[in-house]
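Colleague: My structure is in upload32.tsv, and what it holds is TSV, C-alpha atoms:
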```tsv
chain	number	residue	atom	x	y	z
G	58	MET	CA	-2.86	-9.29	19.29
G	59	PRO	CA	-0.16	-11.38	17.57
G	60	ASP	CA	-1.83	-14.75	18.24
G	61	ALA	CA	-5.27	-13.67	17.02
G	62	PRO	CA	-6.49	-14.62	13.55
G	63	THR	CA	-6.45	-12.21	10.66
G	64	LEU	CA	-10.00	-11.13	9.83
G	65	VAL	CA	-10.59	-11.03	6.08
G	66	LEU	CA	-13.66	-9.08	4.90
G	67	VAL	CA	-14.83	-9.70	1.34
G	68	HIS	CA	-17.28	-7.32	-0.36
G	69	GLY	CA	-20.06	-8.31	-2.72
G	70	ALA	CA	-21.58	-6.95	-5.92
G	71	LEU	CA	-22.36	-3.23	-6.28
G	72	THR	CA	-19.94	-2.21	-3.51
G	73	ASP	CA	-16.21	-2.30	-2.98
G	74	ALA	CA	-14.16	-2.87	0.17
G	75	SER	CA	-15.34	0.48	1.58
G	76	VAL	CA	-18.61	-1.24	2.52
G	77	TRP	CA	-16.61	-2.65	5.47
G	78	ARG	CA	-15.30	0.72	6.67
G	79	ALA	CA	-17.27	0.87	9.93
G	80	VAL	CA	-16.72	-2.84	10.61
G	81	SER	CA	-12.98	-2.59	9.91
G	82	SER	CA	-12.64	0.45	12.16
G	83	ARG	CA	-14.24	-1.32	15.12
G	84	LEU	CA	-12.22	-4.50	14.63
G	85	GLN	CA	-8.94	-2.60	14.28
G	86	GLN	CA	-9.69	-0.50	17.36
G	87	ALA	CA	-10.16	-3.77	19.24
G	88	GLY	CA	-6.64	-4.77	18.20
G	89	HIS	CA	-7.35	-7.17	15.33
G	90	ARG	CA	-5.57	-7.51	11.99
G	91	VAL	CA	-8.02	-6.80	9.19
G	92	ALA	CA	-7.72	-7.24	5.42
G	93	ALA	CA	-10.41	-6.29	2.91
G	94	PRO	CA	-9.57	-7.33	-0.66
G	95	ALA	CA	-11.34	-6.09	-3.81
G	96	LEU	CA	-12.90	-8.76	-6.03
G	97	PRO	CA	-12.76	-8.44	-9.83
G	98	MET	CA	-16.37	-9.71	-10.16
G	99	ARG	CA	-16.01	-10.95	-13.72
G	100	THR	CA	-16.64	-14.68	-13.15
G	101	LEU	CA	-17.29	-16.75	-10.03
G	102	ASP	CA	-14.36	-19.05	-10.81
G	103	GLY	CA	-12.13	-16.03	-11.34
G	104	ASP	CA	-13.18	-14.48	-8.03
G	105	ALA	CA	-12.56	-17.77	-6.23
G	106	ALA	CA	-9.05	-17.98	-7.71
G	107	TYR	CA	-8.43	-14.34	-6.83
G	108	LEU	CA	-9.50	-14.83	-3.21
G	109	ARG	CA	-7.40	-17.98	-2.84
G	110	ALA	CA	-4.31	-16.13	-4.10
G	111	PHE	CA	-5.03	-13.24	-1.75
G	112	LEU	CA	-5.45	-15.51	1.27
G	113	GLU	CA	-2.12	-17.17	0.50
G	114	SER	CA	-0.48	-13.78	1.05
G	115	VAL	CA	-2.11	-13.08	4.43
G	116	PRO	CA	-0.72	-14.39	7.72
G	117	GLY	CA	-2.99	-17.04	9.25
G	118	PRO	CA	-5.00	-18.33	10.95
G	119	LEU	CA	-7.88	-16.68	9.10
G	120	ILE	CA	-11.54	-15.89	9.70
G	121	VAL	CA	-13.23	-14.90	6.43
G	122	ALA	CA	-16.46	-12.90	6.20
G	123	GLY	CA	-18.37	-12.27	3.00
G	124	HIS	CA	-21.23	-9.90	2.19
G	125	SER	CA	-23.87	-10.59	-0.45
G	126	TYR	CA	-22.37	-12.14	-3.63
G	127	ALA	CA	-19.10	-12.76	-1.75
G	128	GLY	CA	-20.88	-15.60	0.02
G	129	SER	CA	-20.88	-17.47	-3.30
G	130	VAL	CA	-17.12	-16.91	-3.51
G	131	LEU	CA	-16.53	-18.10	0.07
G	132	SER	CA	-18.61	-21.21	-0.65
G	133	HIS	CA	-16.59	-22.10	-3.76
G	134	PRO	CA	-14.38	-25.14	-3.06
G	135	ALA	CA	-11.41	-23.50	-4.79
G	136	ALA	CA	-11.55	-20.20	-2.89
G	137	LEU	CA	-10.01	-20.95	0.50
G	138	ASN	CA	-6.76	-22.26	1.90
G	139	PRO	CA	-6.10	-24.47	4.96
G	140	ALA	CA	-5.51	-21.42	7.18
G	141	VAL	CA	-9.21	-20.53	7.09
G	142	GLN	CA	-10.84	-21.62	10.35
G	143	ALA	CA	-14.38	-20.23	10.06
G	144	LEU	CA	-16.69	-18.35	7.72
G	145	VAL	CA	-19.14	-15.51	8.38
G	146	PHE	CA	-21.92	-14.91	5.85
G	147	VAL	CA	-23.37	-11.39	6.08
G	148	ALA	CA	-26.66	-11.12	4.18
G	149	ALA	CA	-24.85	-13.47	1.81
G	150	PHE	CA	-25.39	-16.35	-0.55
G	151	GLN	CA	-24.45	-19.84	0.68
G	152	PRO	CA	-24.72	-21.95	-2.49
G	153	ASP	CA	-24.00	-25.64	-2.87
G	154	VAL	CA	-23.14	-27.83	-5.87
G	155	GLY	CA	-24.89	-26.72	-9.05
G	156	GLU	CA	-26.58	-23.69	-7.51
G	157	THR	CA	-26.21	-20.13	-8.80
G	158	ALA	CA	-26.68	-16.78	-7.10
G	159	ALA	CA	-29.38	-15.92	-9.62
G	160	GLY	CA	-31.23	-19.16	-8.96
G	161	LEU	CA	-31.06	-18.79	-5.19
G	162	ASN	CA	-32.20	-15.18	-5.37
G	163	GLY	CA	-35.34	-16.31	-7.18
G	164	LYS	CA	-36.04	-19.28	-4.89
G	165	PHE	CA	-38.42	-17.23	-2.74
G	166	PRO	CA	-40.27	-14.01	-3.62
G	167	GLY	CA	-39.26	-10.53	-2.54
G	168	SER	CA	-36.08	-9.52	-4.37
G	169	LEU	CA	-36.04	-6.12	-6.06
G	170	LEU	CA	-32.82	-6.97	-7.89
G	171	THR	CA	-34.92	-7.17	-11.04
G	172	PRO	CA	-33.93	-6.32	-14.63
G	173	ASP	CA	-35.90	-3.07	-14.57
G	174	ASN	CA	-33.95	-1.87	-11.51
G	175	LEU	CA	-30.58	-2.70	-13.08
G	176	LEU	CA	-28.52	-0.70	-15.53
G	177	VAL	CA	-26.25	-2.77	-17.80
G	178	ARG	CA	-23.42	-1.02	-19.64
G	179	ASP	CA	-21.06	-2.32	-22.27
G	180	CYS	CA	-17.38	-2.33	-21.34
G	181	PRO	CA	-14.20	-3.45	-23.15
G	182	ASP	CA	-14.34	-7.02	-21.82
G	183	GLY	CA	-18.10	-7.56	-21.82
G	184	GLN	CA	-20.86	-6.00	-19.74
G	185	GLU	CA	-21.23	-4.47	-16.30
G	186	ALA	CA	-24.37	-4.29	-14.17
G	187	TYR	CA	-25.27	-1.54	-11.71
G	188	LEU	CA	-28.36	-0.70	-9.71
G	189	ARG	CA	-30.08	2.33	-11.17
G	190	PRO	CA	-28.88	5.18	-8.89
G	191	GLU	CA	-32.42	6.33	-8.15
G	192	LYS	CA	-33.25	2.79	-6.98
G	193	PHE	CA	-30.12	2.12	-4.93
G	194	ALA	CA	-31.43	3.22	-1.55
G	195	GLU	CA	-34.74	1.39	-1.91
G	196	VAL	CA	-33.22	-1.87	-3.10
G	197	TYR	CA	-29.94	-1.99	-1.21
G	198	ALA	CA	-29.67	0.55	1.60
G	199	ALA	CA	-33.10	1.63	2.85
G	200	ASP	CA	-31.93	2.15	6.45
G	201	VAL	CA	-28.64	3.88	5.59
G	202	ASP	CA	-28.40	7.66	5.98
G	203	PRO	CA	-29.76	9.04	2.68
G	204	ALA	CA	-26.63	11.09	1.98
G	205	GLU	CA	-24.45	8.02	2.52
G	206	ALA	CA	-26.73	5.91	0.31
G	207	GLN	CA	-26.33	8.50	-2.46
G	208	ILE	CA	-22.55	8.26	-2.17
G	209	MET	CA	-22.76	4.45	-2.33
G	210	ALA	CA	-25.02	4.69	-5.39
G	211	ALA	CA	-22.53	6.95	-7.16
G	212	ALA	CA	-19.54	4.75	-6.31
G	213	GLN	CA	-20.96	1.33	-7.18
G	214	LYS	CA	-18.51	-1.37	-8.21
G	215	PRO	CA	-20.31	-3.13	-11.07
G	216	PHE	CA	-20.35	-6.85	-11.71
G	217	ASP	CA	-20.40	-8.86	-14.89
G	218	PRO	CA	-23.88	-10.45	-15.06
G	219	ALA	CA	-22.12	-13.77	-15.78
G	220	THR	CA	-21.06	-13.96	-12.12
G	221	LEU	CA	-24.65	-14.60	-11.05
G	222	GLY	CA	-24.73	-17.75	-13.21
G	223	GLY	CA	-21.48	-19.17	-11.88
G	224	THR	CA	-21.51	-22.45	-9.99
G	225	PHE	CA	-19.21	-25.28	-8.89
G	226	THR	CA	-19.20	-29.08	-8.94
G	227	ALA	CA	-17.56	-30.07	-5.63
G	228	PRO	CA	-19.12	-29.65	-2.17
G	229	ALA	CA	-19.27	-26.13	-0.76
G	230	THR	CA	-16.73	-25.07	1.85
G	231	TRP	CA	-19.41	-24.60	4.50
G	232	HIS	CA	-19.87	-28.38	4.70
G	233	THR	CA	-16.54	-28.69	6.50
G	234	LEU	CA	-16.04	-25.32	8.21
G	235	PRO	CA	-18.01	-23.76	11.07
G	236	THR	CA	-20.15	-20.89	9.86
G	237	TRP	CA	-21.97	-17.86	11.21
G	238	SER	CA	-24.75	-16.10	9.29
G	239	VAL	CA	-26.15	-12.60	9.74
G	240	VAL	CA	-29.69	-12.61	8.34
G	241	SER	CA	-31.19	-9.23	7.42
G	242	THR	CA	-34.94	-9.25	8.00
G	243	ALA	CA	-35.78	-6.16	5.92
G	244	ASP	CA	-33.71	-7.27	2.92
G	245	VAL	CA	-35.19	-6.77	-0.56
G	246	SER	CA	-31.98	-7.61	-2.41
G	247	ILE	CA	-31.62	-11.20	-1.19
G	248	PRO	CA	-34.99	-12.16	0.34
G	249	THR	CA	-34.92	-12.87	4.06
G	250	GLN	CA	-36.58	-16.24	3.48
G	251	THR	CA	-33.71	-17.21	1.19
G	252	LEU	CA	-31.10	-16.13	3.73
G	253	ARG	CA	-32.81	-18.12	6.49
G	254	TRP	CA	-33.12	-21.21	4.29
G	255	MET	CA	-29.45	-21.16	3.32
G	256	ALA	CA	-28.25	-20.54	6.88
G	257	GLU	CA	-30.38	-23.36	8.27
G	258	ARG	CA	-29.18	-25.77	5.60
G	259	ALA	CA	-25.56	-24.92	6.36
G	260	GLY	CA	-26.05	-25.31	10.11
G	261	SER	CA	-24.82	-21.77	10.65
G	262	THR	CA	-24.96	-19.92	13.95
G	263	VAL	CA	-27.54	-17.28	13.06
G	264	THR	CA	-28.01	-13.67	14.12
G	265	GLU	CA	-31.03	-11.84	12.76
G	266	VAL	CA	-31.09	-8.05	12.44
G	267	ASP	CA	-33.80	-5.65	11.26
G	268	SER	CA	-31.74	-4.33	8.37
G	269	SER	CA	-31.61	-3.66	4.67
G	270	HIS	CA	-29.07	-5.52	2.54
G	271	ALA	CA	-26.36	-3.01	3.49
G	272	VAL	CA	-25.84	-4.59	6.91
G	273	PRO	CA	-22.11	-3.73	7.23
G	274	VAL	CA	-22.98	-0.05	6.77
G	275	ALA	CA	-26.30	0.15	8.62
G	276	HIS	CA	-25.48	-2.18	11.53
G	277	PRO	CA	-21.72	-2.66	11.73
G	278	GLU	CA	-21.84	-3.62	15.40
G	279	VAL	CA	-23.92	-6.73	14.57
G	280	VAL	CA	-21.37	-7.81	11.97
G	281	VAL	CA	-18.49	-7.17	14.36
G	282	ASP	CA	-20.13	-9.33	17.02
G	283	ALA	CA	-20.57	-12.22	14.56
G	284	VAL	CA	-16.98	-12.00	13.30
G	285	LEU	CA	-15.58	-11.84	16.84
G	286	ALA	CA	-17.78	-14.77	17.90
G	287	ALA	CA	-16.35	-16.83	15.04
G	288	ALA	CA	-12.82	-15.81	15.97
G	289	ALA	CA	-13.31	-16.51	19.67
G	290	THR	CA	-14.91	-19.91	19.11
G	291	ARG	CA	-12.13	-21.04	16.80
G	292	ALA	CA	-9.45	-19.72	19.16
G	293	SER	CA	-10.92	-21.73	22.04
G	294	ALA	CA	-11.04	-24.85	19.86
G	295	HIS	CA	-7.31	-24.76	19.13
```
How does the structure come out when it is put into structure tokens?

Modeller:
Amino acid sequence: MPDAPTLVLVHGALTDASVWRAVSSRLQQAGHRVAAPALPMRTLDGDAAYLRAFLESVPGPLIVAGHSYAGSVLSHPAALNPAVQALVFVAAFQPDVGETAAGLNGKFPGSLLTPDNLLVRDCPDGQEAYLRPEKFAEVYAADVDPAEAQIMAAAQKPFDPATLGGTFTAPATWHTLPTWSVVSTADVSIPTQTLRWMAERAGSTVTEVDSSHAVPVAHPEVVVDAVLAAAATRASAH
């Protein structure tokens, strides 16, 4: 599909690009170009710069989807290039000026991403945070096959805790781009009430799904539908 947009799928904290495996497979089988970069997750500004550089190397037009923390990166005013036509937030943060992921996650009750469920390790350039493996399924992937959740728990991509305090000073990208939001209604990582509040504020086209935080793994077909809806709407507008 040479005239179709490239679909860029950006992972969040505690997973890597493999979280998109089932989504990528379905999109590729439908004939779409897919790219799924790996974020460094050391600082929000650094991740925004990384994504911008990556997008510059990908043929446009572009539809960009982000899961979880990646929504903060997609919202960052320095993260995108002019080829991006629409954004899809999948159980993801949608911050605005001065807001942090940590602050938004505590805006409403219900998150189990609490200090006692996290494991923080020292590393050469600072610290890295993981979910405690025995808590991973409960907090992140309650409706994923237990064997798959164990694999995800073992293969976590950690994040520097500083990323959750990152913010920006210019208006978020979602003020000027059309957005779609997949809201997970059984989410105990980012509370469902928070996801709904952010999506409504951004004027996103919303799909709700009875899912844990691991929506791309547990319900890939819902994510595919949202991404394709964004791509189709933008294609018809040009």

Colleague: Choose the residue, out of G:Val266, G:Ala186, G:Val67, G:Ala227, that has the smallest atom-to-atom separation from Gly155 (chain G); count only C-alpha atoms.

Modeller: G:Ala227

Colleague: So which one's closest to Asp182 (chain G), G:Glu156, G:Glu205, G:Glu265, G:Asp217? Using all atoms listed in the file, please.

Modeller: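 Of the candidates, the smallest distance to Asp182 (chain G) is held by G:Asp217.
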
Colleague: Per residue of region 160-225 of chain G within 12 Å of region 139-150 of chain G, note the shortest atom pair and the distance in Å to one decimal, counting all atoms listed in the file, and order the rows by chain and increasing residue number, as a Markdown table.

Modeller:
```
| residue | atom | partner | partner_atom | distance |
| --- | --- | --- | --- | --- |
| G:Gly160 | CA | G:Phe150 | CA | 10.6 |
| G:Leu161 | CA | G:Phe150 | CA | 7.7 |
| G:Asn162 | CA | G:Phe150 | CA | 8.4 |
| G:Gly163 | CA | G:Phe150 | CA | 12.0 |
| G:Lys164 | CA | G:Phe150 | CA | 11.9 |
| G:Tyr197 | CA | G:Ala148 | CA | 11.1 |
| G:Leu221 | CA | G:Phe150 | CA | 10.7 |
| G:Thr224 | CA | G:Phe150 | CA | 11.9 |
```

Colleague: With region 96-114 of chain G as the partner and 6 Å as the cut-off, tabulate the residues of region 215-250 of chain G that qualify, each row holding the nearest pair of atoms and their distance in Å to one decimal, using all atoms listed in the file, sorted by chain and rising number, as CSV.

Modeller:
```
residue,atom,partner,partner_atom,distance
G:Phe216,CA,G:Met98,CA,5.1
G:Asp217,CA,G:Arg99,CA,5.0
G:Thr220,CA,G:Thr100,CA,4.6
G:Gly223,CA,G:Leu101,CA,5.2
```

Colleague: Which residues come within 9 Å of Thr230 (chain G), counting all atoms listed in the file, excluding same-chain residues fewer than 4 positions away, as a PyMOL selection string?

Modeller: chain G and resi 131-137+144+153+234

Colleague: Per residue of region 267-292 of chain G within 12 Å of region 245-249 of chain G, which atom pair is closest and at what distance in Å (one decimal), using only C-alpha atoms, listed by chain and increasing number, as a Markdown table?

Modeller:
```
| residue | atom | partner | partner_atom | distance |
| --- | --- | --- | --- | --- |
| G:Asp267 | CA | G:Thr249 | CA | 10.3 |
| G:Ser268 | CA | G:Val245 | CA | 9.9 |
| G:Ser269 | CA | G:Val245 | CA | 7.1 |
| G:His270 | CA | G:Ser246 | CA | 6.1 |
| G:Ala271 | CA | G:Ser246 | CA | 9.4 |
| G:Val272 | CA | G:Ser246 | CA | 11.6 |
```

Colleague: Please compute the CA of Thr251 (chain G)-CA of His232 (chain G) distance, one decimal, in Å.

Modeller: 18.1 Å

Colleague: Would you list the contacts of Thr72 (chain G) as a PyMOL selection string, taking every protein, DNA or RNA residue within 8 Å and counting all atoms listed in the file, but skipping same-chain residues closer than 6 positions in sequence?

Modeller: chain G and resi 209+212-215

Colleague: Keeping only C-alpha atoms, write the selected residues to a file as a PDB file, keeping the file's coordinate frame.

Modeller:
```pdb
ATOM      1  CA  MET G 209     -22.760   4.450  -2.330  1.00  0.00           C
ATOM      2  CA  ALA G 212     -19.540   4.750  -6.310  1.00  0.00           C
ATOM      3  CA  GLN G 213     -20.960   1.330  -7.180  1.00  0.00           C
ATOM      4  CA  LYS G 214     -18.510  -1.370  -8.210  1.00  0.00           C
ATOM      5  CA  PRO G 215     -20.310  -3.130 -11.070  1.00  0.00           C
TER       6      PRO G 215
END
```

Colleague: Go through G:Leu66, G:Ala229, G:Ala92, G:Ala289 and flag the residue nearest Ser125 (chain G), using all atoms listed in the file for the distances.

Modeller: G:Leu66

Colleague: For a test of reading the model, state the distance in Å between CA of Gln250 (chain G) and CA of Ala287 (chain G), rounded to one decimal.

Modeller: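 Computing it gives 23.3 Å between the two atoms.
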
Colleague: From the list G:Ala74, G:Leu119, G:Val284, G:Leu188, which residue is nearest Val263 (chain G) when using only C-alpha atoms?

Modeller: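 Ranking G:Ala74, G:Leu119, G:Val284, G:Leu188 by distance to Val263 (chain G), first place goes to G:Val284.
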
Colleague: If I wrap all listed atoms of region 93-107 of chain G in a box with edges along x, y and z and add 4 Å on each side, what are its centre and edge lengths in Å to one decimal, as lines of an AutoDock Vina configuration file?

Modeller:
```
center_x = -12.9
center_y = -12.6
center_z = -5.4
size_x = 16.9
size_y = 21.0
size_z = 24.6
```

Colleague: Could you state the separation of CA of Asp202 (chain G) and CA of Ala93 (chain G) in Å, given to one decimal place?

Modeller: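 Computed distance, CA of Asp202 (chain G) to CA of Ala93 (chain G), equals 23.0 Å.
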